[in-house]
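Student: Input structure: data-v2.pdb, which contains PDB, C-alpha atoms.
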MODEL        1
ATOM      1  CA  MET A   1      36.039-207.943  72.231
ATOM      2  CA  ASP A   2      33.483-209.635  69.947
ATOM      3  CA  ASN A   3      34.303-213.280  69.208
ATOM      4  CA  SER A   4      31.673-213.551  66.478
ATOM      5  CA  ALA A   5      32.439-212.741  62.838
ATOM      6  CA  PRO A   6      31.997-209.054  61.979
ATOM      7  CA  ILE A   7      28.846-207.973  60.180
ATOM      8  CA  VAL A   8      30.015-205.978  57.153
ATOM      9  CA  PHE A   9      27.785-204.147  54.681
ATOM     10  CA  ALA A  10      28.794-202.328  51.509
ATOM     11  CA  LEU A  11      26.424-199.967  49.764
ATOM     12  CA  ASP A  12      25.897-200.516  46.065
ATOM     13  CA  THR A  13      28.525-198.233  44.524
ATOM     14  CA  SER A  14      31.227-199.592  46.863
ATOM     15  CA  ARG A  15      30.172-203.211  46.485
ATOM     16  CA  SER A  16      33.279-204.274  44.558
ATOM     17  CA  PHE A  17      35.621-202.796  47.157
ATOM     18  CA  GLY A  18      33.469-204.286  49.908
ATOM     19  CA  ASP A  19      33.676-207.751  48.332
ATOM     20  CA  ASP A  20      37.470-207.464  48.350
ATOM     21  CA  VAL A  21      37.477-206.474  52.030
ATOM     22  CA  ALA A  22      35.092-209.294  52.944
ATOM     23  CA  ARG A  23      37.247-211.796  51.052
ATOM     24  CA  GLN A  24      40.255-210.712  53.068
ATOM     25  CA  LEU A  25      38.226-211.255  56.249
ATOM     26  CA  GLY A  26      37.060-214.695  55.101
ATOM     27  CA  ILE A  27      33.383-213.714  55.208
ATOM     28  CA  SER A  28      30.620-212.614  52.839
ATOM     29  CA  LEU A  29      29.051-209.179  52.847
ATOM     30  CA  SER A  30      25.768-209.028  54.751
ATOM     31  CA  ALA A  31      22.641-208.412  52.708
ATOM     32  CA  CYS A  32      20.942-205.035  52.524
ATOM     33  CA  GLU A  33      18.196-203.483  50.409
ATOM     34  CA  GLU A  34      18.612-200.226  48.507
ATOM     35  CA  ARG A  35      15.419-199.064  46.862
ATOM     36  CA  GLU A  36      14.881-196.139  44.511
ATOM     37  CA  PHE A  37      11.610-194.211  44.331
ATOM     38  CA  GLU A  38      10.246-192.570  41.204
ATOM     39  CA  ASP A  39      10.775-189.041  42.524
ATOM     40  CA  GLY A  40      14.474-189.556  43.262
ATOM     41  CA  GLU A  41      14.115-190.437  46.933
ATOM     42  CA  HIS A  42      15.477-193.721  48.226
ATOM     43  CA  LYS A  43      15.637-195.996  51.236
ATOM     44  CA  SER A  44      18.051-198.625  52.484
ATOM     45  CA  ARG A  45      17.869-201.175  55.259
ATOM     46  CA  PRO A  46      19.778-204.200  56.552
ATOM     47  CA  LEU A  47      18.281-207.594  55.690
ATOM     48  CA  VAL A  48      19.951-209.396  58.600
ATOM     49  CA  ASN A  49      19.528-209.077  62.354
ATOM     50  CA  VAL A  50      21.949-206.479  63.752
ATOM     51  CA  ARG A  51      20.531-206.211  67.277
ATOM     52  CA  ASN A  52      23.364-205.802  69.798
ATOM     53  CA  LYS A  53      25.922-206.406  67.039
ATOM     54  CA  ASN A  54      29.021-204.473  66.009
ATOM     55  CA  VAL A  55      28.435-203.468  62.403
ATOM     56  CA  TYR A  56      30.730-202.066  59.700
ATOM     57  CA  VAL A  57      29.459-200.157  56.638
ATOM     58  CA  ILE A  58      31.711-199.572  53.624
ATOM     59  CA  GLN A  59      31.026-196.583  51.388
ATOM     60  CA  SER A  60      33.657-194.533  49.550
ATOM     61  CA  LEU A  61      32.497-190.957  49.012
ATOM     62  CA  TYR A  62      33.204-189.779  45.470
ATOM     63  CA  GLY A  63      30.959-188.702  42.612
ATOM     64  CA  ASP A  64      30.381-190.969  39.621
ATOM     65  CA  PRO A  65      27.890-191.090  36.699
ATOM     66  CA  ARG A  66      25.338-192.894  38.871
ATOM     67  CA  GLN A  67      25.475-190.907  42.112
ATOM     68  CA  SER A  68      26.985-187.626  43.216
ATOM     69  CA  VAL A  69      29.192-187.447  46.278
ATOM     70  CA  ASN A  70      26.223-185.876  48.107
ATOM     71  CA  ASP A  71      23.979-188.797  47.123
ATOM     72  CA  LYS A  72      26.497-191.242  48.532
ATOM     73  CA  LEU A  73      26.964-189.295  51.744
ATOM     74  CA  VAL A  74      23.227-189.082  52.393
ATOM     75  CA  ARG A  75      22.692-192.760  51.597
ATOM     76  CA  LEU A  76      25.455-193.730  53.994
ATOM     77  CA  LEU A  77      24.043-191.542  56.761
ATOM     78  CA  PHE A  78      20.528-192.895  56.251
ATOM     79  CA  PHE A  79      21.789-196.474  56.338
ATOM     80  CA  ILE A  80      23.732-195.813  59.544
ATOM     81  CA  GLY A  81      20.539-194.353  61.041
ATOM     82  CA  ALA A  82      18.598-197.461  60.004
ATOM     83  CA  LEU A  83      21.218-199.679  61.668
ATOM     84  CA  LYS A  84      21.006-197.713  64.904
ATOM     85  CA  ASP A  85      17.212-197.864  64.800
ATOM     86  CA  ALA A  86      17.548-201.646  64.337
ATOM     87  CA  SER A  87      19.437-201.706  67.662
ATOM     88  CA  ALA A  88      22.978-202.224  66.385
ATOM     89  CA  ALA A  89      25.336-201.927  69.353
ATOM     90  CA  ARG A  90      28.021-200.061  67.438
ATOM     91  CA  VAL A  91      28.240-198.807  63.866
ATOM     92  CA  THR A  92      31.586-198.108  62.220
ATOM     93  CA  ALA A  93      31.600-196.160  58.959
ATOM     94  CA  VAL A  94      34.432-197.452  56.763
ATOM     95  CA  VAL A  95      35.020-194.623  54.290
ATOM     96  CA  PRO A  96      38.038-195.290  52.031
ATOM     97  CA  HIS A  97      37.777-191.792  50.538
ATOM     98  CA  LEU A  98      36.224-189.153  52.786
ATOM     99  CA  ALA A  99      34.435-186.344  50.964
ATOM    100  CA  TYR A 100      34.908-182.663  51.781
ATOM    101  CA  ALA A 101      38.180-183.259  53.647
ATOM    102  CA  ARG A 102      40.010-180.556  51.662
ATOM    103  CA  LYS A 103      37.959-177.636  53.011
ATOM    104  CA  ASP A 104      39.211-177.826  56.584
ATOM    105  CA  ALA A 105      39.929-174.166  57.416
ATOM    106  CA  LYS A 106      38.746-170.646  56.713
ATOM    107  CA  THR A 107      41.030-169.258  54.002
ATOM    108  CA  GLN A 108      38.741-166.385  52.974
ATOM    109  CA  THR A 109      36.158-164.255  54.738
ATOM    110  CA  ARG A 110      32.985-166.221  55.636
ATOM    111  CA  ASP A 111      34.450-169.480  54.308
ATOM    112  CA  PRO A 112      32.811-172.753  55.391
ATOM    113  CA  VAL A 113      34.721-175.380  57.367
ATOM    114  CA  THR A 114      33.086-178.275  55.559
ATOM    115  CA  THR A 115      35.136-181.012  57.219
ATOM    116  CA  ARG A 116      33.543-180.106  60.553
ATOM    117  CA  TYR A 117      30.027-180.025  59.090
ATOM    118  CA  VAL A 118      30.456-183.515  57.624
ATOM    119  CA  ALA A 119      31.700-184.748  60.997
ATOM    120  CA  GLN A 120      28.572-183.357  62.650
ATOM    121  CA  LEU A 121      26.386-185.178  60.126
ATOM    122  CA  PHE A 122      28.060-188.503  60.912
ATOM    123  CA  GLU A 123      27.639-187.916  64.625
ATOM    124  CA  ALA A 124      23.979-186.880  64.245
ATOM    125  CA  ALA A 125      23.219-190.148  62.427
ATOM    126  CA  GLY A 126      24.640-192.115  65.360
ATOM    127  CA  THR A 127      28.008-193.161  63.930
ATOM    128  CA  ASP A 128      30.241-194.605  66.637
ATOM    129  CA  ARG A 129      33.479-194.711  64.663
ATOM    130  CA  VAL A 130      34.885-193.556  61.309
ATOM    131  CA  VAL A 131      37.732-195.336  59.528
ATOM    132  CA  THR A 132      39.284-193.641  56.509
ATOM    133  CA  MET A 133      42.581-193.332  54.628
ATOM    134  CA  ASP A 134      44.954-190.433  53.927
ATOM    135  CA  VAL A 135      42.796-187.389  54.520
ATOM    136  CA  HIS A 136      44.110-184.052  53.279
ATOM    137  CA  ASN A 137      44.829-182.669  56.759
ATOM    138  CA  LEU A 138      45.107-185.239  59.534
ATOM    139  CA  ALA A 139      44.973-182.745  62.411
ATOM    140  CA  ALA A 140      41.825-181.111  61.021
ATOM    141  CA  PHE A 141      40.183-184.519  60.559
ATOM    142  CA  GLN A 142      40.996-185.648  64.090
ATOM    143  CA  ASN A 143      39.785-182.375  65.604
ATOM    144  CA  ALA A 144      36.551-182.255  63.575
ATOM    145  CA  PHE A 145      35.121-185.554  64.847
ATOM    146  CA  ARG A 146      33.956-186.178  68.393
ATOM    147  CA  CYS A 147      33.303-189.874  67.731
ATOM    148  CA  ARG A 148      36.240-192.276  67.480
ATOM    149  CA  THR A 149      38.318-192.097  64.327
ATOM    150  CA  ASP A 150      41.001-194.277  62.779
ATOM    151  CA  HIS A 151      43.252-193.002  60.012
ATOM    152  CA  LEU A 152      45.027-195.449  57.703
ATOM    153  CA  GLU A 153      47.909-194.647  55.366
ATOM    154  CA  ALA A 154      48.815-195.972  51.937
ATOM    155  CA  THR A 155      52.519-195.397  52.599
ATOM    156  CA  LYS A 156      53.393-199.060  53.040
ATOM    157  CA  LEU A 157      51.616-199.913  49.767
ATOM    158  CA  PHE A 158      53.651-197.299  47.894
ATOM    159  CA  VAL A 159      56.881-198.353  49.602
ATOM    160  CA  ALA A 160      56.411-201.994  48.596
ATOM    161  CA  HIS A 161      55.641-200.975  45.013
ATOM    162  CA  PHE A 162      58.557-198.589  44.512
ATOM    163  CA  ALA A 163      61.071-200.677  46.462
ATOM    164  CA  SER A 164      60.506-203.435  43.926
ATOM    165  CA  LEU A 165      60.301-201.165  40.886
ATOM    166  CA  LEU A 166      63.335-198.996  41.676
ATOM    167  CA  LYS A 167      65.656-201.366  43.529
ATOM    168  CA  ALA A 168      68.331-200.937  40.835
ATOM    169  CA  GLU A 169      68.081-197.125  40.656
ATOM    170  CA  PRO A 170      71.215-195.534  42.160
ATOM    171  CA  GLN A 171      69.629-192.156  42.988
ATOM    172  CA  ILE A 172      66.056-191.461  44.130
ATOM    173  CA  THR A 173      64.445-188.197  45.234
ATOM    174  CA  VAL A 174      61.105-188.007  47.047
ATOM    175  CA  VAL A 175      59.238-184.807  46.175
ATOM    176  CA  SER A 176      56.324-183.147  47.943
ATOM    177  CA  PRO A 177      54.234-180.994  45.543
ATOM    178  CA  ASP A 178      53.801-178.407  48.328
ATOM    179  CA  ILE A 179      55.279-177.632  51.720
ATOM    180  CA  GLY A 180      52.094-178.821  53.447
ATOM    181  CA  GLY A 181      52.772-182.376  52.294
ATOM    182  CA  MET A 182      56.323-182.533  53.645
ATOM    183  CA  LYS A 183      55.452-184.759  56.606
ATOM    184  CA  ARG A 184      53.816-187.273  54.274
ATOM    185  CA  ALA A 185      56.773-187.152  51.892
ATOM    186  CA  GLU A 186      59.325-187.496  54.692
ATOM    187  CA  ARG A 187      57.531-190.491  56.179
ATOM    188  CA  PHE A 188      57.500-192.154  52.762
ATOM    189  CA  ARG A 189      61.154-191.225  52.137
ATOM    190  CA  GLN A 190      62.333-192.766  55.403
ATOM    191  CA  ALA A 191      60.343-195.963  54.843
ATOM    192  CA  LEU A 192      61.545-196.295  51.262
ATOM    193  CA  GLY A 193      65.119-195.742  52.447
ATOM    194  CA  ARG A 194      64.798-198.592  54.942
ATOM    195  CA  ALA A 195      63.357-200.872  52.268
ATOM    196  CA  LEU A 196      66.165-200.039  49.797
ATOM    197  CA  ASN A 197      68.912-199.796  52.431
ATOM    198  CA  ARG A 198      69.921-196.347  51.178
ATOM    199  CA  GLU A 199      68.633-192.834  51.818
ATOM    200  CA  PRO A 200      66.712-191.014  49.064
ATOM    201  CA  ASN A 201      66.957-187.243  48.629
ATOM    202  CA  VAL A 202      64.011-184.979  49.453
ATOM    203  CA  ALA A 203      62.625-181.855  47.760
ATOM    204  CA  PHE A 204      59.402-179.828  47.696
ATOM    205  CA  MET A 205      57.578-177.370  45.475
ATOM    206  CA  GLU A 206      56.596-173.886  46.516
ATOM    207  CA  LYS A 207      52.880-173.576  45.816
ATOM    208  CA  ALA A 208      50.064-171.137  46.499
ATOM    209  CA  ARG A 209      46.376-171.485  45.713
ATOM    210  CA  ALA A 210      43.756-168.718  45.619
ATOM    211  CA  LYS A 211      40.117-169.087  44.532
ATOM    212  CA  GLY A 212      40.851-172.490  43.049
ATOM    213  CA  VAL A 213      43.778-171.277  40.939
ATOM    214  CA  MET A 214      47.122-172.920  41.658
ATOM    215  CA  ARG A 215      50.342-170.915  41.357
ATOM    216  CA  ALA A 216      53.453-173.068  41.346
ATOM    217  CA  GLY A 217      56.805-171.686  42.400
ATOM    218  CA  ARG A 218      60.320-173.016  42.666
ATOM    219  CA  LEU A 219      61.471-176.547  43.334
ATOM    220  CA  ILE A 220      63.430-176.514  46.597
ATOM    221  CA  GLY A 221      66.052-179.231  46.994
ATOM    222  CA  ASP A 222      68.380-181.287  44.836
ATOM    223  CA  VAL A 223      66.646-183.652  42.412
ATOM    224  CA  ALA A 224      68.762-186.422  40.943
ATOM    225  CA  GLY A 225      68.050-189.728  39.220
ATOM    226  CA  THR A 226      64.465-190.893  39.686
ATOM    227  CA  ALA A 227      61.914-188.572  41.312
ATOM    228  CA  ILE A 228      58.774-189.781  43.105
ATOM    229  CA  ILE A 229      56.142-187.096  43.708
ATOM    230  CA  ILE A 230      53.934-188.149  46.639
ATOM    231  CA  ASP A 231      50.511-186.631  47.465
ATOM    232  CA  ASP A 232      47.189-187.514  49.087
ATOM    233  CA  LEU A 233      45.046-187.164  45.962
ATOM    234  CA  ILE A 234      45.040-186.298  42.285
ATOM    235  CA  SER A 235      42.188-184.076  41.104
ATOM    236  CA  THR A 236      42.829-182.335  37.774
ATOM    237  CA  GLY A 237      46.503-183.255  37.944
ATOM    238  CA  GLY A 238      47.655-179.641  37.621
ATOM    239  CA  THR A 239      49.775-179.733  40.762
ATOM    240  CA  LEU A 240      51.536-182.920  39.691
ATOM    241  CA  ARG A 241      52.117-181.665  36.152
ATOM    242  CA  HIS A 242      53.888-178.557  37.483
ATOM    243  CA  ALA A 243      55.938-180.612  39.931
ATOM    244  CA  ALA A 244      56.869-183.215  37.308
ATOM    245  CA  ALA A 245      57.997-180.530  34.834
ATOM    246  CA  ALA A 246      60.114-178.882  37.536
ATOM    247  CA  CYS A 247      61.732-182.232  38.370
ATOM    248  CA  ARG A 248      62.619-182.782  34.700
ATOM    249  CA  GLU A 249      64.059-179.284  34.422
ATOM    250  CA  SER A 250      66.179-179.967  37.508
ATOM    251  CA  GLY A 251      67.711-183.095  35.996
ATOM    252  CA  ALA A 252      65.448-186.006  36.940
ATOM    253  CA  THR A 253      65.832-188.863  34.463
ATOM    254  CA  LYS A 254      62.544-190.525  35.464
ATOM    255  CA  VAL A 255      59.509-189.086  37.268
ATOM    256  CA  TYR A 256      56.713-191.034  38.972
ATOM    257  CA  ALA A 257      53.672-189.757  40.845
ATOM    258  CA  ALA A 258      51.917-191.550  43.704
ATOM    259  CA  ALA A 259      48.675-190.487  45.379
ATOM    260  CA  THR A 260      46.231-192.404  47.531
ATOM    261  CA  HIS A 261      43.036-191.139  45.904
ATOM    262  CA  GLY A 262      42.756-190.844  42.130
ATOM    263  CA  VAL A 263      39.838-188.438  41.622
ATOM    264  CA  PHE A 264      40.938-187.667  38.021
ATOM    265  CA  VAL A 265      38.581-184.861  36.988
ATOM    266  CA  GLY A 266      38.843-182.152  34.334
ATOM    267  CA  SER A 267      42.069-182.342  32.379
ATOM    268  CA  ALA A 268      43.491-185.237  34.423
ATOM    269  CA  ASN A 269      43.961-187.352  31.279
ATOM    270  CA  ASN A 270      46.733-184.932  30.302
ATOM    271  CA  LEU A 271      48.664-186.193  33.317
ATOM    272  CA  LEU A 272      49.086-189.590  31.651
ATOM    273  CA  SER A 273      49.876-188.307  28.184
ATOM    274  CA  GLY A 274      53.271-187.108  27.022
ATOM    275  CA  THR A 275      56.626-188.096  28.436
ATOM    276  CA  THR A 276      56.934-185.972  31.593
ATOM    277  CA  LEU A 277      55.676-188.749  33.868
ATOM    278  CA  ASN A 278      56.860-192.345  33.574
ATOM    279  CA  GLY A 279      53.984-193.638  35.657
ATOM    280  CA  VAL A 280      51.211-192.800  38.123
ATOM    281  CA  VAL A 281      50.343-194.976  41.119
ATOM    282  CA  VAL A 282      47.052-194.758  43.069
ATOM    283  CA  THR A 283      44.982-197.026  45.294
ATOM    284  CA  ASP A 284      41.492-198.343  44.562
ATOM    285  CA  THR A 285      39.685-196.107  47.075
ATOM    286  CA  ILE A 286      38.252-194.472  43.926
ATOM    287  CA  PRO A 287      37.987-196.470  40.679
ATOM    288  CA  PRO A 288      39.772-194.631  37.812
ATOM    289  CA  PHE A 289      36.630-194.616  35.653
ATOM    290  CA  ARG A 290      37.207-191.055  34.369
ATOM    291  CA  LEU A 291      40.513-191.855  32.688
ATOM    292  CA  ASP A 292      40.943-192.815  29.063
ATOM    293  CA  PRO A 293      41.331-196.636  29.139
ATOM    294  CA  GLY A 294      44.302-196.613  26.779
ATOM    295  CA  LEU A 295      46.262-194.043  28.765
ATOM    296  CA  ALA A 296      45.379-195.673  32.070
ATOM    297  CA  ARG A 297      46.462-199.085  30.839
ATOM    298  CA  ASP A 298      49.849-197.755  29.746
ATOM    299  CA  LYS A 299      50.822-195.575  32.701
ATOM    300  CA  LEU A 300      48.478-196.148  35.647
ATOM    301  CA  THR A 301      49.101-198.666  38.431
ATOM    302  CA  THR A 302      46.289-199.269  40.931
ATOM    303  CA  LEU A 303      47.150-200.835  44.293
ATOM    304  CA  SER A 304      44.527-202.557  46.444
ATOM    305  CA  ALA A 305      43.751-200.909  49.785
ATOM    306  CA  ALA A 306      41.275-203.661  50.726
ATOM    307  CA  PRO A 307      43.788-205.690  52.810
ATOM    308  CA  LEU A 308      44.531-202.645  54.989
ATOM    309  CA  PHE A 309      40.842-201.938  55.603
ATOM    310  CA  ALA A 310      40.135-205.603  56.276
ATOM    311  CA  GLU A 311      42.907-205.719  58.864
ATOM    312  CA  ALA A 312      41.584-202.509  60.447
ATOM    313  CA  ILE A 313      38.117-204.051  60.772
ATOM    314  CA  ARG A 314      39.633-207.209  62.230
ATOM    315  CA  CYS A 315      41.633-205.252  64.805
ATOM    316  CA  ILE A 316      38.697-203.062  65.834
ATOM    317  CA  HIS A 317      36.339-206.029  66.040
ATOM    318  CA  ASN A 318      38.720-208.107  68.163
ATOM    319  CA  GLY A 319      39.843-205.274  70.407
ATOM    320  CA  GLY A 320      43.325-205.134  68.898
ATOM    321  CA  SER A 321      45.597-202.213  68.137
ATOM    322  CA  LEU A 322      45.820-200.501  64.768
ATOM    323  CA  VAL A 323      49.341-199.244  65.500
ATOM    324  CA  LYS A 324      50.889-202.140  63.580
ATOM    325  CA  LEU A 325      49.009-201.064  60.439
ATOM    326  CA  LEU A 326      50.894-197.761  60.507
ATOM    327  CA  GLU A 327      54.294-199.324  61.086
ATOM    328  CA  ILE A 328      56.457-199.252  57.950
TER     329      ILE A 328
ENDMDL
END
How would this structure read if it were set down as structure tokens?
Tutor:
Amino acid sequence: MDNSAPIVFALDTSRSFGDDVARQLGISLSACEEREFEDGEHKSRPLVNVRNKNVYVIQSLYGDPRQSVNDKLVRLLFFIGALKDASAARVTAVVPHLAYARKDAKTQTRDPVTTRYVAQLFEAAGTDRVVTMDVHNLAAFQNAFRCRTDHLEATKLFVAHFASLLKAEPQITVVSPDIGGMKRAERFRQALGRALNREPNVAFMEKARAKGVMRAGRLIGDVAGTAIIIDDLISTGGTLRHAAAACRESGATKVYAAATHGVFVGSANNLLSGTTLNGVVVTDTIPPFRLDPGLARDKLTTLSAAPLFAEAIRCIHNGGSLVKLLEI
């Protein structure tokens, strides 16, 4: 247990999220320098003493117009290395969105298992612990890392939102866009049922993907009233569009989508246009900068994940248990 205040850094592109986390902790972010060189190289270093301290570094790994996901990963690893070289006792990487978590198994001959390679990079830099939220495959994430890991869930954020929004709806169906997400959907369904004091229905989509092309199949289960499609992330939105259309065809009167990470690439703006979806809910692990502002303003709801990450840092720093953060 460390009775001193935690030392928390946030690299530049995650500074806004880091400020929110620090505010929840009642502290200010610690100062660091990030310097660019003319040839594209860079360096970063802490500007406060970290010797024998427990340090937390916030960096969400997604590409944006300023830095690619690879840029952000390398910068985070280099900064962790600098902290270890400055004699930090323990360095925890707080990664709201973890890159390369979707490629976690060999699905074709000579495929990479990129999740494991990223884990090895974190370990090589000296990372003592990784804290993230709603990875694509929890078992693969936990097995890839040899350092300590903590996995947070946005379920309680979504439950609070929809319990308030849909408290007057007589029938609700929770839908997983594929069979692989059934555990996530069932956990959300049970928690939402407790919050509403009634049990929602459950359904799932048959789905297959080969060489990046998604093939949607049938909707399995009875869909009635309001449907909530729950997933870990939204990329192009193709999966959700297929699932939403199937819910409408099966009789849903309203359809909402909820996903922890809003990547929103390619044709994702189409997800918010038209009348198939009544609304889309994400967290702020990735800012929705790729979306058309008008469409986003009308249909997108962004929930703050900063309180969950702040509480995780507080628990880790004070030797507490993170179990209560997963209770819903």
Student: Can you measure atom CA of A:Arg218 to atom CA of A:Glu206 for me? One decimal in Å is fine.
Tutor: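 Distance reported for this atom pair: 5.4 Å.
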Student: Could you pull the residues within 8 Å of stretch 303-312 of chain A, counting only C-alpha atoms, minus those fewer than 3 positions along the same chain, as a list of chain:residue names?
Tutor: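 Close residues of stretch 303-312 of chain A: A:Phe17, A:Gly18, A:Asp20, A:Val21, A:Ala22, A:Gln24, A:Leu25, A:Val94, A:Leu152, A:Ala154, A:Leu157, A:Val281, A:Val282, A:Thr283, A:Asp284, A:Thr285, A:Cys315, A:Ile316, A:Leu322, A:Leu325.
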Student: Restricting it to C-alpha atoms, dump the selection as an mmCIF file, keeping the file's coordinate frame.
Tutor:
data_model
loop_
_atom_site.group_PDB
_atom_site.id
_atom_site.type_symbol
_atom_site.label_atom_id
_atom_site.label_comp_id
_atom_site.auth_asym_id
_atom_site.auth_seq_id
_atom_site.Cartn_x
_atom_site.Cartn_y
_atom_site.Cartn_z
ATOM 1 C CA PHE A 17 35.621 -202.796 47.157
ATOM 2 C CA GLY A 18 33.469 -204.286 49.908
ATOM 3 C CA ASP A 20 37.470 -207.464 48.350
ATOM 4 C CA VAL A 21 37.477 -206.474 52.030
ATOM 5 C CA ALA A 22 35.092 -209.294 52.944
ATOM 6 C CA GLN A 24 40.255 -210.712 53.068
ATOM 7 C CA LEU A 25 38.226 -211.255 56.249
ATOM 8 C CA VAL A 94 34.432 -197.452 56.763
ATOM 9 C CA LEU A 152 45.027 -195.449 57.703
ATOM 10 C CA ALA A 154 48.815 -195.972 51.937
ATOM 11 C CA LEU A 157 51.616 -199.913 49.767
ATOM 12 C CA VAL A 281 50.343 -194.976 41.119
ATOM 13 C CA VAL A 282 47.052 -194.758 43.069
ATOM 14 C CA THR A 283 44.982 -197.026 45.294
ATOM 15 C CA ASP A 284 41.492 -198.343 44.562
ATOM 16 C CA THR A 285 39.685 -196.107 47.075
ATOM 17 C CA CYS A 315 41.633 -205.252 64.805
ATOM 18 C CA ILE A 316 38.697 -203.062 65.834
ATOM 19 C CA LEU A 322 45.820 -200.501 64.768
ATOM 20 C CA LEU A 325 49.009 -201.064 60.439
#
Student: Rank nothing, just name the residue among A:Asn318, A:Thr236, A:Thr132, A:Ser44 nearest to A:Ser267, using only C-alpha atoms.
Tutor: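 Using only C-alpha atoms, the shortest distance to A:Ser267 belongs to A:Thr236.
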Student: I'd like the residues picked by the PyMOL selection byres ((chain A and resi 15) around 12) written out as JSON, numbers by chain, using the chain letters and numbers from the file.
Tutor: {"A": [8, 9, 10, 11, 12, 13, 14, 16, 17, 18, 19, 20, 21, 22, 28, 29, 30, 31, 32, 57, 58, 59, 60, 285, 287, 306]}
Student: What does the distance from atom CA of A:Val323 to atom CA of A:Val113 come to in Å, to one decimal?
Tutor: 29.1 Å
Student: Mind giving me the straight-line distance from atom CA of A:Gly225 to atom CA of A:Val255 in Å, one decimal?
Tutor: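 Interatomic distance, atom CA of A:Gly225 to atom CA of A:Val255: 8.8 Å.
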Student: Once the PyMOL selection byres ((chain A and resi 146) around 10) has been applied to the shown file, what residues remain in the selection, as a list in words?
Tutor: Arg116, Ala119, Gln120, Phe122, Glu123, Asp128, Arg129, Gln142, Asn143, Ala144, Phe145, Cys147, Arg148 and Thr149 of chain A
Student: May I have the residues within 7 Å of A:His151 as an mmCIF file with C-alpha atoms, in the coordinates of the input, using only C-alpha atoms and disregarding those fewer than 6 positions away in the same chain?
Tutor:
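Output file part_12.cif is given in full below:
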data_model
loop_
_atom_site.group_PDB
_atom_site.id
_atom_site.type_symbol
_atom_site.label_atom_id
_atom_site.label_comp_id
_atom_site.auth_asym_id
_atom_site.auth_seq_id
_atom_site.Cartn_x
_atom_site.Cartn_y
_atom_site.Cartn_z
ATOM 1 C CA VAL A 131 37.732 -195.336 59.528
ATOM 2 C CA THR A 132 39.284 -193.641 56.509
ATOM 3 C CA MET A 133 42.581 -193.332 54.628
ATOM 4 C CA ASP A 134 44.954 -190.433 53.927
#
Student: I'd like the residues picked by the PyMOL selection byres ((chain A and resi 204) around 8) written out as a list in words, using the chain letters and numbers from the file.
Tutor: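 In the shown coordinates, the PyMOL selection byres ((chain A and resi 204) around 8) covers Val175, Ser176, Pro177, Asp178, Ile179, Met182, Val202, Ala203, Met205, Glu206, Leu219, Ile220 and Gly221 of chain A.
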Student: Which residues are near stretch 271-275 of chain A? Cut-off 8 Å, all atoms listed in the file, ignore same chain within fewer than 4 positions. Put them as a PyMOL selection string.
Tutor: chain A and resi 237-238+240-241+267+279-280+295-296+299-300
Student: Determine the nearest neighbour of A:His161 from the options A:Ala88, A:Val69, A:Ala258, A:Ile286, counting all atoms listed in the file.
Tutor: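 Checking each of A:Ala88, A:Val69, A:Ala258, A:Ile286 against A:His161, counting all atoms listed in the file, the winner is A:Ala258.
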Student: Ranking A:Glu199, A:Lys72, A:Phe162, A:Asp232 by minimum distance to A:Lys183 and counting only C-alpha atoms, which one comes first?
Tutor: A:Asp232
Student: Output stretch 151-161 of chain A as a PDB file, in the coordinates of the input, making sure N, CA and C atoms are there.
Tutor:
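Result file selection_8.pdb:
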ATOM      1  N   HIS A 151      42.718-193.528  61.264  1.00  0.00           N
ATOM      2  CA  HIS A 151      43.252-193.002  60.012  1.00  0.00           C
ATOM      3  C   HIS A 151      44.319-193.958  59.483  1.00  0.00           C
ATOM      4  N   LEU A 152      44.073-194.542  58.330  1.00  0.00           N
ATOM      5  CA  LEU A 152      45.027-195.449  57.703  1.00  0.00           C
ATOM      6  C   LEU A 152      45.872-194.693  56.681  1.00  0.00           C
ATOM      7  N   GLU A 153      47.011-195.262  56.333  1.00  0.00           N
ATOM      8  CA  GLU A 153      47.909-194.647  55.366  1.00  0.00           C
ATOM      9  C   GLU A 153      48.263-195.647  54.273  1.00  0.00           C
ATOM     10  N   ALA A 154      48.411-195.124  53.061  1.00  0.00           N
ATOM     11  CA  ALA A 154      48.815-195.972  51.937  1.00  0.00           C
ATOM     12  C   ALA A 154      50.325-196.055  51.795  1.00  0.00           C
ATOM     13  N   THR A 155      51.067-195.469  52.716  1.00  0.00           N
ATOM     14  CA  THR A 155      52.519-195.397  52.599  1.00  0.00           C
ATOM     15  C   THR A 155      53.150-196.757  52.378  1.00  0.00           C
ATOM     16  N   LYS A 156      52.755-197.752  53.172  1.00  0.00           N
ATOM     17  CA  LYS A 156      53.393-199.060  53.040  1.00  0.00           C
ATOM     18  C   LYS A 156      53.089-199.710  51.682  1.00  0.00           C
ATOM     19  N   LEU A 157      51.928-199.399  51.101  1.00  0.00           N
ATOM     20  CA  LEU A 157      51.616-199.913  49.767  1.00  0.00           C
ATOM     21  C   LEU A 157      52.555-199.302  48.731  1.00  0.00           C
ATOM     22  N   PHE A 158      52.764-197.984  48.840  1.00  0.00           N
ATOM     23  CA  PHE A 158      53.651-197.299  47.894  1.00  0.00           C
ATOM     24  C   PHE A 158      55.105-197.730  48.086  1.00  0.00           C
ATOM     25  N   VAL A 159      55.502-197.925  49.336  1.00  0.00           N
ATOM     26  CA  VAL A 159      56.881-198.353  49.602  1.00  0.00           C
ATOM     27  C   VAL A 159      57.142-199.716  48.973  1.00  0.00           C
ATOM     28  N   ALA A 160      56.234-200.658  49.167  1.00  0.00           N
ATOM     29  CA  ALA A 160      56.411-201.994  48.596  1.00  0.00           C
ATOM     30  C   ALA A 160      56.494-201.930  47.075  1.00  0.00           C
ATOM     31  N   HIS A 161      55.652-201.092  46.474  1.00  0.00           N
ATOM     32  CA  HIS A 161      55.641-200.975  45.013  1.00  0.00           C
ATOM     33  C   HIS A 161      56.953-200.393  44.488  1.00  0.00           C
TER      34      HIS A 161
END
